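Participant: What follows is a structure written as structure tokens; I'll ask about it next.
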Amino acid sequence: MLIVANWKAYVDTLAQAKKLLASAKRAARTKGMQIVLAPSSALLGLLSVGNRTKVQFAAQDLSAVTVGAATGEVPATLLYSLGVRYSILGHSERRAQGESDASISEKVRRALTVGITPILCIGERDRDEDARYLAILKAQLGSVLQALSPKEREKIIIAYEPVWAIGKSADDALNASDLAEMSLYIRKLLSEYLPENTARKIKILYGGSVEPSNIRTLAKEGRVDGFLIGHASADPTSFAALQKALAP
Ligand code: PGA
């Protein structure tokens, strides 16, 4: 099970970050549990440099620019050199700031070029009765995958995050049977770009109000390989409760 803790801007002190890191290190010792922390960029290098633990680090975003005159951008090569091996890309909170499918696609390619695994977020804003949201997911995924070579496509992780379920509570999250359906649908989309046996191996995560009270059922019945967790991963008590809920 892959757990990606998206700290967003919730974690705003080094002390809190260290507490969460200590808890993540304990959790990462559990068999079958892979923990990736995604702190904000100011904390990222502080935590990832010289990291020798099983915990790995993700950027919350990265820049498609290479190097040079680009104030405020964080180059992918710098992230890689600091030990960062994953990057969340196309998160709905970045899309809401104007990020387009085209720029996300560019960032995904940039990440892969330097050896960073993209965690590509896709998800509909809301659900309509005519199921047009399925076409939205297809377009979001297609715009990235069609620009990649078959070898590159194998390396990405998909995070399905319905925007309407983000930042709420477990009661508002997608339920496990709907998640299982969505996971099958995403795998079907993947098989349009990859051979069936490879498409089966791509990791699919779910994100959107995953909390200690729903993570176990979602993990058991949701047909996903892990979770991208926001608010519940940024508080030491609920982060520990999430780990406990997943324990065998
Ligand atoms: P949430 O956020 O767990 O707070 O809903 C998930 C995400 O946006 O990645």
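Residues are named by chain letter and number: chains run A, B, ... in the order of the structure tokens, numbers start at 1 in each chain, and ligands are numbered from 1 in the order shown.
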What does the list of residues within 6 Å of ligand 1 look like if you count only C-alpha atoms and all ligand atoms, written as a ChimeraX atom specification?
Facilitator: /A:6,166-168,207-210,228-231
Participant: What are the closest atom pairs, with distances in Å to one decimal, for each residue of range 39-150 of chain A lying within 9 Å of range 179-188 of chain A, using only C-alpha atoms, rows by chain and rising residue number, as JSON lines?
Facilitator:
{"residue": "A:Leu134", "atom": "CA", "partner": "A:Tyr185", "partner_atom": "CA", "distance": 8.5}
{"residue": "A:Leu137", "atom": "CA", "partner": "A:Ile186", "partner_atom": "CA", "distance": 8.1}
{"residue": "A:Lys138", "atom": "CA", "partner": "A:Ile186", "partner_atom": "CA", "distance": 8.1}
{"residue": "A:Leu141", "atom": "CA", "partner": "A:Ile186", "partner_atom": "CA", "distance": 8.8}
Participant: I'd like the contact shell of Ala135 in chain A - 12 Å cut-off, only C-alpha atoms, skipping same-chain residues fewer than 2 positions apart - returned as a ChimeraX atom specification.
Facilitator: /A:122-124,127-128,130-133,137-142,185-186,189
Participant: Could you find all residues in range 10-223 of chain A that DSSP calls helix (DSSP H, G or I) from the backbone, and write them as a PDB file with N, CA and C atoms, in the first residue's frame?
Facilitator:
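Saved to states39.pdb:
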ATOM      1  N   LEU A  14       8.590  23.707  11.453  1.00  0.00           N
ATOM      2  CA  LEU A  14       9.557  22.612  11.344  1.00  0.00           C
ATOM      3  C   LEU A  14       9.279  21.566  12.428  1.00  0.00           C
ATOM      4  N   ALA A  15       8.845  22.032  13.594  1.00  0.00           N
ATOM      5  CA  ALA A  15       8.586  21.106  14.708  1.00  0.00           C
ATOM      6  C   ALA A  15       7.479  20.114  14.331  1.00  0.00           C
ATOM      7  N   GLN A  16       6.416  20.623  13.717  1.00  0.00           N
ATOM      8  CA  GLN A  16       5.308  19.747  13.318  1.00  0.00           C
ATOM      9  C   GLN A  16       5.777  18.763  12.238  1.00  0.00           C
ATOM     10  N   ALA A  17       6.589  19.285  11.312  1.00  0.00           N
ATOM     11  CA  ALA A  17       7.108  18.434  10.234  1.00  0.00           C
ATOM     12  C   ALA A  17       7.937  17.286  10.806  1.00  0.00           C
ATOM     13  N   LYS A  18       8.747  17.594  11.805  1.00  0.00           N
ATOM     14  CA  LYS A  18       9.619  16.559  12.384  1.00  0.00           C
ATOM     15  C   LYS A  18       8.806  15.495  13.117  1.00  0.00           C
ATOM     16  N   LYS A  19       7.753  15.929  13.764  1.00  0.00           N
ATOM     17  CA  LYS A  19       6.875  14.999  14.460  1.00  0.00           C
ATOM     18  C   LYS A  19       6.225  14.027  13.460  1.00  0.00           C
ATOM     19  N   LEU A  20       5.747  14.588  12.372  1.00  0.00           N
ATOM     20  CA  LEU A  20       5.110  13.757  11.345  1.00  0.00           C
ATOM     21  C   LEU A  20       6.120  12.827  10.686  1.00  0.00           C
ATOM     22  N   LEU A  21       7.331  13.324  10.486  1.00  0.00           N
ATOM     23  CA  LEU A  21       8.370  12.490   9.873  1.00  0.00           C
ATOM     24  C   LEU A  21       8.697  11.295  10.771  1.00  0.00           C
ATOM     25  N   ALA A  22       8.797  11.548  12.083  1.00  0.00           N
ATOM     26  CA  ALA A  22       9.102  10.459  13.022  1.00  0.00           C
ATOM     27  C   ALA A  22       8.004   9.394  12.951  1.00  0.00           C
ATOM     28  N   SER A  23       6.772   9.829  12.879  1.00  0.00           N
ATOM     29  CA  SER A  23       5.651   8.903  12.808  1.00  0.00           C
ATOM     30  C   SER A  23       5.675   8.130  11.479  1.00  0.00           C
ATOM     31  N   ALA A  24       6.029   8.836  10.399  1.00  0.00           N
ATOM     32  CA  ALA A  24       6.115   8.190   9.082  1.00  0.00           C
ATOM     33  C   ALA A  24       7.207   7.123   9.067  1.00  0.00           C
ATOM     34  N   LYS A  25       8.316   7.414   9.740  1.00  0.00           N
ATOM     35  CA  LYS A  25       9.421   6.444   9.776  1.00  0.00           C
ATOM     36  C   LYS A  25       8.968   5.154  10.452  1.00  0.00           C
ATOM     37  N   ARG A  26       8.213   5.299  11.522  1.00  0.00           N
ATOM     38  CA  ARG A  26       7.697   4.102  12.213  1.00  0.00           C
ATOM     39  C   ARG A  26       6.778   3.322  11.279  1.00  0.00           C
ATOM     40  N   ALA A  27       5.888   4.034  10.611  1.00  0.00           N
ATOM     41  CA  ALA A  27       4.911   3.371   9.732  1.00  0.00           C
ATOM     42  C   ALA A  27       5.599   2.670   8.564  1.00  0.00           C
ATOM     43  N   ALA A  28       6.686   3.278   8.078  1.00  0.00           N
ATOM     44  CA  ALA A  28       7.372   2.729   6.897  1.00  0.00           C
ATOM     45  C   ALA A  28       8.044   1.388   7.190  1.00  0.00           C
ATOM     46  N   SER A  41       7.439  23.304  -0.393  1.00  0.00           N
ATOM     47  CA  SER A  41       8.811  23.320  -0.933  1.00  0.00           C
ATOM     48  C   SER A  41       9.835  23.864   0.063  1.00  0.00           C
ATOM     49  N   ALA A  42       9.421  24.756   0.957  1.00  0.00           N
ATOM     50  CA  ALA A  42      10.383  25.305   1.929  1.00  0.00           C
ATOM     51  C   ALA A  42      10.877  24.225   2.900  1.00  0.00           C
ATOM     52  N   LEU A  43      10.033  23.247   3.183  1.00  0.00           N
ATOM     53  CA  LEU A  43      10.425  22.182   4.117  1.00  0.00           C
ATOM     54  C   LEU A  43      11.074  21.003   3.405  1.00  0.00           C
ATOM     55  N   LEU A  44      10.760  20.875   2.135  1.00  0.00           N
ATOM     56  CA  LEU A  44      11.115  19.658   1.405  1.00  0.00           C
ATOM     57  C   LEU A  44      12.611  19.310   1.466  1.00  0.00           C
ATOM     58  N   GLY A  45      13.461  20.244   1.049  1.00  0.00           N
ATOM     59  CA  GLY A  45      14.891  19.975   1.033  1.00  0.00           C
ATOM     60  C   GLY A  45      15.441  19.702   2.432  1.00  0.00           C
ATOM     61  N   LEU A  46      14.893  20.438   3.425  1.00  0.00           N
ATOM     62  CA  LEU A  46      15.356  20.247   4.803  1.00  0.00           C
ATOM     63  C   LEU A  46      15.170  18.803   5.260  1.00  0.00           C
ATOM     64  N   LEU A  47      14.073  18.213   4.825  1.00  0.00           N
ATOM     65  CA  LEU A  47      13.756  16.857   5.274  1.00  0.00           C
ATOM     66  C   LEU A  47      14.361  15.787   4.373  1.00  0.00           C
ATOM     67  N   SER A  48      14.494  16.095   3.088  1.00  0.00           N
ATOM     68  CA  SER A  48      14.894  15.032   2.150  1.00  0.00           C
ATOM     69  C   SER A  48      16.402  14.871   2.005  1.00  0.00           C
ATOM     70  N   ALA A  76      13.230  20.794 -11.503  1.00  0.00           N
ATOM     71  CA  ALA A  76      13.153  19.364 -11.199  1.00  0.00           C
ATOM     72  C   ALA A  76      14.530  18.778 -10.887  1.00  0.00           C
ATOM     73  N   THR A  77      15.560  19.287 -11.564  1.00  0.00           N
ATOM     74  CA  THR A  77      16.907  18.763 -11.328  1.00  0.00           C
ATOM     75  C   THR A  77      17.344  19.045  -9.883  1.00  0.00           C
ATOM     76  N   LEU A  78      16.991  20.224  -9.374  1.00  0.00           N
ATOM     77  CA  LEU A  78      17.345  20.571  -7.994  1.00  0.00           C
ATOM     78  C   LEU A  78      16.637  19.615  -7.035  1.00  0.00           C
ATOM     79  N   LEU A  79      15.348  19.396  -7.271  1.00  0.00           N
ATOM     80  CA  LEU A  79      14.589  18.489  -6.409  1.00  0.00           C
ATOM     81  C   LEU A  79      15.243  17.109  -6.391  1.00  0.00           C
ATOM     82  N   TYR A  80      15.574  16.622  -7.588  1.00  0.00           N
ATOM     83  CA  TYR A  80      16.177  15.287  -7.657  1.00  0.00           C
ATOM     84  C   TYR A  80      17.484  15.249  -6.871  1.00  0.00           C
ATOM     85  N   SER A  81      18.287  16.309  -7.012  1.00  0.00           N
ATOM     86  CA  SER A  81      19.595  16.305  -6.332  1.00  0.00           C
ATOM     87  C   SER A  81      19.435  16.376  -4.815  1.00  0.00           C
ATOM     88  N   SER A  92      -5.779  19.420  -8.136  1.00  0.00           N
ATOM     89  CA  SER A  92      -6.906  20.324  -8.460  1.00  0.00           C
ATOM     90  C   SER A  92      -6.686  21.719  -7.883  1.00  0.00           C
ATOM     91  N   GLU A  93      -5.930  21.802  -6.763  1.00  0.00           N
ATOM     92  CA  GLU A  93      -5.672  23.135  -6.200  1.00  0.00           C
ATOM     93  C   GLU A  93      -4.677  23.918  -7.064  1.00  0.00           C
ATOM     94  N   ARG A  94      -3.852  23.236  -7.835  1.00  0.00           N
ATOM     95  CA  ARG A  94      -2.982  23.905  -8.819  1.00  0.00           C
ATOM     96  C   ARG A  94      -3.779  24.213 -10.091  1.00  0.00           C
ATOM     97  N   ARG A  95      -4.633  23.261 -10.473  1.00  0.00           N
ATOM     98  CA  ARG A  95      -5.471  23.507 -11.658  1.00  0.00           C
ATOM     99  C   ARG A  95      -6.341  24.744 -11.422  1.00  0.00           C
ATOM    100  N   ASP A 101      -4.037  21.396 -18.825  1.00  0.00           N
ATOM    101  CA  ASP A 101      -3.604  20.038 -19.175  1.00  0.00           C
ATOM    102  C   ASP A 101      -2.259  20.088 -19.907  1.00  0.00           C
ATOM    103  N   ALA A 102      -2.085  21.133 -20.745  1.00  0.00           N
ATOM    104  CA  ALA A 102      -0.843  21.232 -21.521  1.00  0.00           C
ATOM    105  C   ALA A 102       0.359  21.456 -20.596  1.00  0.00           C
ATOM    106  N   SER A 103       0.213  22.344 -19.611  1.00  0.00           N
ATOM    107  CA  SER A 103       1.378  22.594 -18.745  1.00  0.00           C
ATOM    108  C   SER A 103       1.628  21.406 -17.814  1.00  0.00           C
ATOM    109  N   ILE A 104       0.559  20.713 -17.435  1.00  0.00           N
ATOM    110  CA  ILE A 104       0.745  19.516 -16.594  1.00  0.00           C
ATOM    111  C   ILE A 104       1.510  18.456 -17.386  1.00  0.00           C
ATOM    112  N   SER A 105       1.128  18.319 -18.643  1.00  0.00           N
ATOM    113  CA  SER A 105       1.797  17.341 -19.501  1.00  0.00           C
ATOM    114  C   SER A 105       3.300  17.660 -19.615  1.00  0.00           C
ATOM    115  N   GLU A 106       3.600  18.935 -19.749  1.00  0.00           N
ATOM    116  CA  GLU A 106       5.009  19.354 -19.837  1.00  0.00           C
ATOM    117  C   GLU A 106       5.766  19.018 -18.540  1.00  0.00           C
ATOM    118  N   LYS A 107       5.104  19.256 -17.401  1.00  0.00           N
ATOM    119  CA  LYS A 107       5.745  18.970 -16.114  1.00  0.00           C
ATOM    120  C   LYS A 107       5.967  17.473 -15.916  1.00  0.00           C
ATOM    121  N   VAL A 108       4.992  16.679 -16.362  1.00  0.00           N
ATOM    122  CA  VAL A 108       5.130  15.226 -16.238  1.00  0.00           C
ATOM    123  C   VAL A 108       6.356  14.766 -17.026  1.00  0.00           C
ATOM    124  N   ARG A 109       6.504  15.299 -18.240  1.00  0.00           N
ATOM    125  CA  ARG A 109       7.652  14.904 -19.065  1.00  0.00           C
ATOM    126  C   ARG A 109       8.961  15.353 -18.424  1.00  0.00           C
ATOM    127  N   ARG A 110       8.935  16.558 -17.859  1.00  0.00           N
ATOM    128  CA  ARG A 110      10.140  17.083 -17.200  1.00  0.00           C
ATOM    129  C   ARG A 110      10.524  16.187 -16.016  1.00  0.00           C
ATOM    130  N   ALA A 111       9.544  15.829 -15.220  1.00  0.00           N
ATOM    131  CA  ALA A 111       9.802  14.978 -14.050  1.00  0.00           C
ATOM    132  C   ALA A 111      10.441  13.664 -14.495  1.00  0.00           C
ATOM    133  N   LEU A 112       9.847  13.029 -15.497  1.00  0.00           N
ATOM    134  CA  LEU A 112      10.365  11.739 -15.963  1.00  0.00           C
ATOM    135  C   LEU A 112      11.783  11.871 -16.507  1.00  0.00           C
ATOM    136  N   THR A 113      12.066  12.989 -17.161  1.00  0.00           N
ATOM    137  CA  THR A 113      13.408  13.199 -17.720  1.00  0.00           C
ATOM    138  C   THR A 113      14.474  13.191 -16.631  1.00  0.00           C
ATOM    139  N   VAL A 114      14.151  13.746 -15.462  1.00  0.00           N
ATOM    140  CA  VAL A 114      15.177  13.808 -14.413  1.00  0.00           C
ATOM    141  C   VAL A 114      15.111  12.622 -13.446  1.00  0.00           C
ATOM    142  N   ARG A 132     -20.996  12.730 -17.771  1.00  0.00           N
ATOM    143  CA  ARG A 132     -20.004  13.455 -18.586  1.00  0.00           C
ATOM    144  C   ARG A 132     -18.655  13.511 -17.866  1.00  0.00           C
ATOM    145  N   TYR A 133     -18.696  13.322 -16.532  1.00  0.00           N
ATOM    146  CA  TYR A 133     -17.440  13.372 -15.772  1.00  0.00           C
ATOM    147  C   TYR A 133     -16.464  12.291 -16.218  1.00  0.00           C
ATOM    148  N   LEU A 134     -16.996  11.208 -16.782  1.00  0.00           N
ATOM    149  CA  LEU A 134     -16.085  10.154 -17.251  1.00  0.00           C
ATOM    150  C   LEU A 134     -15.249  10.659 -18.421  1.00  0.00           C
ATOM    151  N   ALA A 135     -15.871  11.490 -19.252  1.00  0.00           N
ATOM    152  CA  ALA A 135     -15.153  12.049 -20.406  1.00  0.00           C
ATOM    153  C   ALA A 135     -14.078  13.033 -19.929  1.00  0.00           C
ATOM    154  N   ILE A 136     -14.362  13.704 -18.804  1.00  0.00           N
ATOM    155  CA  ILE A 136     -13.370  14.654 -18.259  1.00  0.00           C
ATOM    156  C   ILE A 136     -12.115  13.899 -17.825  1.00  0.00           C
ATOM    157  N   LEU A 137     -12.335  12.789 -17.144  1.00  0.00           N
ATOM    158  CA  LEU A 137     -11.177  11.987 -16.701  1.00  0.00           C
ATOM    159  C   LEU A 137     -10.397  11.470 -17.909  1.00  0.00           C
ATOM    160  N   LYS A 138     -11.117  11.029 -18.899  1.00  0.00           N
ATOM    161  CA  LYS A 138     -10.476  10.491 -20.113  1.00  0.00           C
ATOM    162  C   LYS A 138      -9.609  11.574 -20.761  1.00  0.00           C
ATOM    163  N   ALA A 139     -10.136  12.800 -20.802  1.00  0.00           N
ATOM    164  CA  ALA A 139      -9.391  13.895 -21.437  1.00  0.00           C
ATOM    165  C   ALA A 139      -8.165  14.271 -20.590  1.00  0.00           C
ATOM    166  N   GLN A 140      -8.348  14.325 -19.272  1.00  0.00           N
ATOM    167  CA  GLN A 140      -7.214  14.692 -18.403  1.00  0.00           C
ATOM    168  C   GLN A 140      -6.083  13.666 -18.530  1.00  0.00           C
ATOM    169  N   LEU A 141      -6.461  12.410 -18.530  1.00  0.00           N
ATOM    170  CA  LEU A 141      -5.451  11.352 -18.618  1.00  0.00           C
ATOM    171  C   LEU A 141      -4.821  11.312 -20.012  1.00  0.00           C
ATOM    172  N   GLY A 142      -5.683  11.398 -21.020  1.00  0.00           N
ATOM    173  CA  GLY A 142      -5.218  11.303 -22.400  1.00  0.00           C
ATOM    174  C   GLY A 142      -4.243  12.410 -22.758  1.00  0.00           C
ATOM    175  N   SER A 143      -4.509  13.638 -22.267  1.00  0.00           N
ATOM    176  CA  SER A 143      -3.642  14.748 -22.656  1.00  0.00           C
ATOM    177  C   SER A 143      -2.217  14.532 -22.145  1.00  0.00           C
ATOM    178  N   VAL A 144      -2.064  13.808 -21.066  1.00  0.00           N
ATOM    179  CA  VAL A 144      -0.719  13.532 -20.553  1.00  0.00           C
ATOM    180  C   VAL A 144      -0.125  12.290 -21.217  1.00  0.00           C
ATOM    181  N   LEU A 145      -0.903  11.217 -21.260  1.00  0.00           N
ATOM    182  CA  LEU A 145      -0.347   9.946 -21.745  1.00  0.00           C
ATOM    183  C   LEU A 145       0.036   9.978 -23.215  1.00  0.00           C
ATOM    184  N   PRO A 150       5.873   4.887 -24.729  1.00  0.00           N
ATOM    185  CA  PRO A 150       5.358   3.731 -23.969  1.00  0.00           C
ATOM    186  C   PRO A 150       6.166   3.472 -22.696  1.00  0.00           C
ATOM    187  N   LYS A 151       7.468   3.617 -22.755  1.00  0.00           N
ATOM    188  CA  LYS A 151       8.316   3.365 -21.576  1.00  0.00           C
ATOM    189  C   LYS A 151       8.018   4.380 -20.468  1.00  0.00           C
ATOM    190  N   GLU A 152       7.815   5.635 -20.881  1.00  0.00           N
ATOM    191  CA  GLU A 152       7.514   6.683 -19.888  1.00  0.00           C
ATOM    192  C   GLU A 152       6.149   6.459 -19.238  1.00  0.00           C
ATOM    193  N   ARG A 153       5.196   6.017 -20.055  1.00  0.00           N
ATOM    194  CA  ARG A 153       3.834   5.796 -19.526  1.00  0.00           C
ATOM    195  C   ARG A 153       3.829   4.798 -18.376  1.00  0.00           C
ATOM    196  N   VAL A 163     -12.837  16.248  -7.215  1.00  0.00           N
ATOM    197  CA  VAL A 163     -12.655  17.541  -6.541  1.00  0.00           C
ATOM    198  C   VAL A 163     -13.728  17.767  -5.471  1.00  0.00           C
ATOM    199  N   TRP A 164     -14.947  17.274  -5.748  1.00  0.00           N
ATOM    200  CA  TRP A 164     -16.054  17.461  -4.804  1.00  0.00           C
ATOM    201  C   TRP A 164     -15.843  16.718  -3.481  1.00  0.00           C
ATOM    202  N   ALA A 165     -14.898  15.797  -3.458  1.00  0.00           N
ATOM    203  CA  ALA A 165     -14.675  15.015  -2.224  1.00  0.00           C
ATOM    204  C   ALA A 165     -13.473  15.518  -1.431  1.00  0.00           C
ATOM    205  N   ALA A 170     -15.005  12.091   6.043  1.00  0.00           N
ATOM    206  CA  ALA A 170     -15.169  10.733   5.507  1.00  0.00           C
ATOM    207  C   ALA A 170     -16.569  10.511   4.934  1.00  0.00           C
ATOM    208  N   ASP A 171     -17.581  11.134   5.531  1.00  0.00           N
ATOM    209  CA  ASP A 171     -18.957  10.954   5.043  1.00  0.00           C
ATOM    210  C   ASP A 171     -19.145  11.498   3.623  1.00  0.00           C
ATOM    211  N   ASP A 172     -18.310  12.451   3.247  1.00  0.00           N
ATOM    212  CA  ASP A 172     -18.439  13.063   1.919  1.00  0.00           C
ATOM    213  C   ASP A 172     -17.541  12.403   0.881  1.00  0.00           C
ATOM    214  N   ALA A 176     -16.602   2.976  -1.116  1.00  0.00           N
ATOM    215  CA  ALA A 176     -15.674   1.962  -1.623  1.00  0.00           C
ATOM    216  C   ALA A 176     -16.160   1.310  -2.926  1.00  0.00           C
ATOM    217  N   SER A 177     -17.461   1.086  -3.060  1.00  0.00           N
ATOM    218  CA  SER A 177     -17.901   0.398  -4.283  1.00  0.00           C
ATOM    219  C   SER A 177     -17.810   1.345  -5.484  1.00  0.00           C
ATOM    220  N   ASP A 178     -18.127   2.621  -5.286  1.00  0.00           N
ATOM    221  CA  ASP A 178     -17.957   3.572  -6.395  1.00  0.00           C
ATOM    222  C   ASP A 178     -16.470   3.716  -6.747  1.00  0.00           C
ATOM    223  N   LEU A 179     -15.634   3.659  -5.715  1.00  0.00           N
ATOM    224  CA  LEU A 179     -14.197   3.760  -5.983  1.00  0.00           C
ATOM    225  C   LEU A 179     -13.721   2.567  -6.809  1.00  0.00           C
ATOM    226  N   ALA A 180     -14.203   1.377  -6.460  1.00  0.00           N
ATOM    227  CA  ALA A 180     -13.812   0.177  -7.215  1.00  0.00           C
ATOM    228  C   ALA A 180     -14.197   0.337  -8.690  1.00  0.00           C
ATOM    229  N   GLU A 181     -15.382   0.896  -8.922  1.00  0.00           N
ATOM    230  CA  GLU A 181     -15.836   1.111 -10.299  1.00  0.00           C
ATOM    231  C   GLU A 181     -14.935   2.101 -11.038  1.00  0.00           C
ATOM    232  N   MET A 182     -14.596   3.188 -10.332  1.00  0.00           N
ATOM    233  CA  MET A 182     -13.753   4.219 -10.949  1.00  0.00           C
ATOM    234  C   MET A 182     -12.361   3.677 -11.241  1.00  0.00           C
ATOM    235  N   SER A 183     -11.887   2.842 -10.344  1.00  0.00           N
ATOM    236  CA  SER A 183     -10.564   2.276 -10.530  1.00  0.00           C
ATOM    237  C   SER A 183     -10.536   1.387 -11.783  1.00  0.00           C
ATOM    238  N   LEU A 184     -11.609   0.610 -11.954  1.00  0.00           N
ATOM    239  CA  LEU A 184     -11.701  -0.233 -13.162  1.00  0.00           C
ATOM    240  C   LEU A 184     -11.761   0.630 -14.421  1.00  0.00           C
ATOM    241  N   TYR A 185     -12.517   1.717 -14.319  1.00  0.00           N
ATOM    242  CA  TYR A 185     -12.645   2.616 -15.469  1.00  0.00           C
ATOM    243  C   TYR A 185     -11.276   3.221 -15.830  1.00  0.00           C
ATOM    244  N   ILE A 186     -10.547   3.664 -14.806  1.00  0.00           N
ATOM    245  CA  ILE A 186      -9.230   4.275 -15.069  1.00  0.00           C
ATOM    246  C   ILE A 186      -8.275   3.234 -15.672  1.00  0.00           C
ATOM    247  N   ARG A 187      -8.370   2.012 -15.164  1.00  0.00           N
ATOM    248  CA  ARG A 187      -7.513   0.965 -15.725  1.00  0.00           C
ATOM    249  C   ARG A 187      -7.863   0.680 -17.192  1.00  0.00           C
ATOM    250  N   LYS A 188      -9.135   0.781 -17.491  1.00  0.00           N
ATOM    251  CA  LYS A 188      -9.573   0.578 -18.882  1.00  0.00           C
ATOM    252  C   LYS A 188      -8.982   1.706 -19.755  1.00  0.00           C
ATOM    253  N   LEU A 189      -9.025   2.940 -19.226  1.00  0.00           N
ATOM    254  CA  LEU A 189      -8.443   4.057 -19.979  1.00  0.00           C
ATOM    255  C   LEU A 189      -6.949   3.828 -20.187  1.00  0.00           C
ATOM    256  N   LEU A 190      -6.281   3.353 -19.137  1.00  0.00           N
ATOM    257  CA  LEU A 190      -4.835   3.116 -19.235  1.00  0.00           C
ATOM    258  C   LEU A 190      -4.526   2.083 -20.307  1.00  0.00           C
ATOM    259  N   GLU A 196      -2.222  -4.421 -21.983  1.00  0.00           N
ATOM    260  CA  GLU A 196      -3.063  -4.821 -20.834  1.00  0.00           C
ATOM    261  C   GLU A 196      -2.257  -5.183 -19.591  1.00  0.00           C
ATOM    262  N   ASN A 197      -1.229  -6.031 -19.768  1.00  0.00           N
ATOM    263  CA  ASN A 197      -0.475  -6.496 -18.588  1.00  0.00           C
ATOM    264  C   ASN A 197       0.320  -5.363 -17.934  1.00  0.00           C
ATOM    265  N   THR A 198       0.725  -4.367 -18.698  1.00  0.00           N
ATOM    266  CA  THR A 198       1.430  -3.218 -18.125  1.00  0.00           C
ATOM    267  C   THR A 198       0.434  -2.279 -17.471  1.00  0.00           C
ATOM    268  N   ALA A 199      -0.705  -2.073 -18.116  1.00  0.00           N
ATOM    269  CA  ALA A 199      -1.738  -1.179 -17.566  1.00  0.00           C
ATOM    270  C   ALA A 199      -2.175  -1.674 -16.187  1.00  0.00           C
ATOM    271  N   ILE A 215     -10.563   4.708   5.773  1.00  0.00           N
ATOM    272  CA  ILE A 215      -9.423   4.207   4.980  1.00  0.00           C
ATOM    273  C   ILE A 215      -9.408   2.674   4.875  1.00  0.00           C
ATOM    274  N   ARG A 216      -9.827   2.005   5.922  1.00  0.00           N
ATOM    275  CA  ARG A 216      -9.741   0.544   5.914  1.00  0.00           C
ATOM    276  C   ARG A 216     -10.678  -0.066   4.849  1.00  0.00           C
ATOM    277  N   THR A 217     -11.907   0.397   4.848  1.00  0.00           N
ATOM    278  CA  THR A 217     -12.872  -0.119   3.862  1.00  0.00           C
ATOM    279  C   THR A 217     -12.450   0.259   2.447  1.00  0.00           C
ATOM    280  N   LEU A 218     -11.994   1.498   2.274  1.00  0.00           N
ATOM    281  CA  LEU A 218     -11.552   1.914   0.934  1.00  0.00           C
ATOM    282  C   LEU A 218     -10.385   1.041   0.462  1.00  0.00           C
ATOM    283  N   ALA A 219      -9.490   0.704   1.405  1.00  0.00           N
ATOM    284  CA  ALA A 219      -8.323  -0.117   1.048  1.00  0.00           C
ATOM    285  C   ALA A 219      -8.750  -1.540   0.714  1.00  0.00           C
ATOM    286  N   LYS A 220      -9.719  -2.046   1.452  1.00  0.00           N
ATOM    287  CA  LYS A 220     -10.152  -3.439   1.248  1.00  0.00           C
ATOM    288  C   LYS A 220     -10.981  -3.604  -0.011  1.00  0.00           C
ATOM    289  N   GLU A 221     -11.871  -2.636  -0.269  1.00  0.00           N
ATOM    290  CA  GLU A 221     -12.867  -2.844  -1.323  1.00  0.00           C
ATOM    291  C   GLU A 221     -12.737  -1.892  -2.515  1.00  0.00           C
TER     292      GLU A 221
END
Participant: Between A:Ala247, A:Ala9, A:Leu120, A:Ile35, which residue has the minimum interatomic distance to Gly226 in chain A, considering only C-alpha atoms?
Facilitator: A:Ile35
Participant: From the DSSP assignment of the backbone, select every residue of range 53-140 of chain A that is strand (DSSP E or B), and format the answer as an MDAnalysis selection string.
Facilitator: chainID A and resid 56:59 63 75 86:89 117:122
Participant: With distances taken over only C-alpha atoms, which residue among A:Ser238, A:Leu205, A:Val65, A:Tyr193 lies nearest Ile119 in chain A?
Facilitator: A:Leu205
Participant: In Å to one decimal, how far is CA of Asp126 in chain A from CA of Ala38 in chain A?
Facilitator: 25.8 Å
Participant: Identify which of the residues A:Ala5, A:Ala147, A:Ala241, A:Val49 lies closest to Leu37 in chain A, counting only C-alpha atoms when measuring atom-to-atom distances.
Facilitator: A:Ala5
Participant: Could you tell me how far CA of Leu174 in chain A sits from CA of Pro162 in chain A, in Å to one decimal place?
Facilitator: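 Straight-line distance from CA of Pro162 in chain A to CA of Leu174 in chain A works out to 8.1 Å.
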Participant: Take CA of Lys155 in chain A and CA of Gly83 in chain A and report the distance between them in Å, one decimal.
Facilitator: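 Rounded to one decimal, the two atoms are 17.9 Å apart.
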Participant: Counting only C-alpha atoms, which residue out of A:Ala173, A:Ile116, A:Ala69, A:Ala240 sits closest to Gln56 in chain A?
Facilitator: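 Distance minimum relative to Gln56 in chain A lands on A:Ile116.
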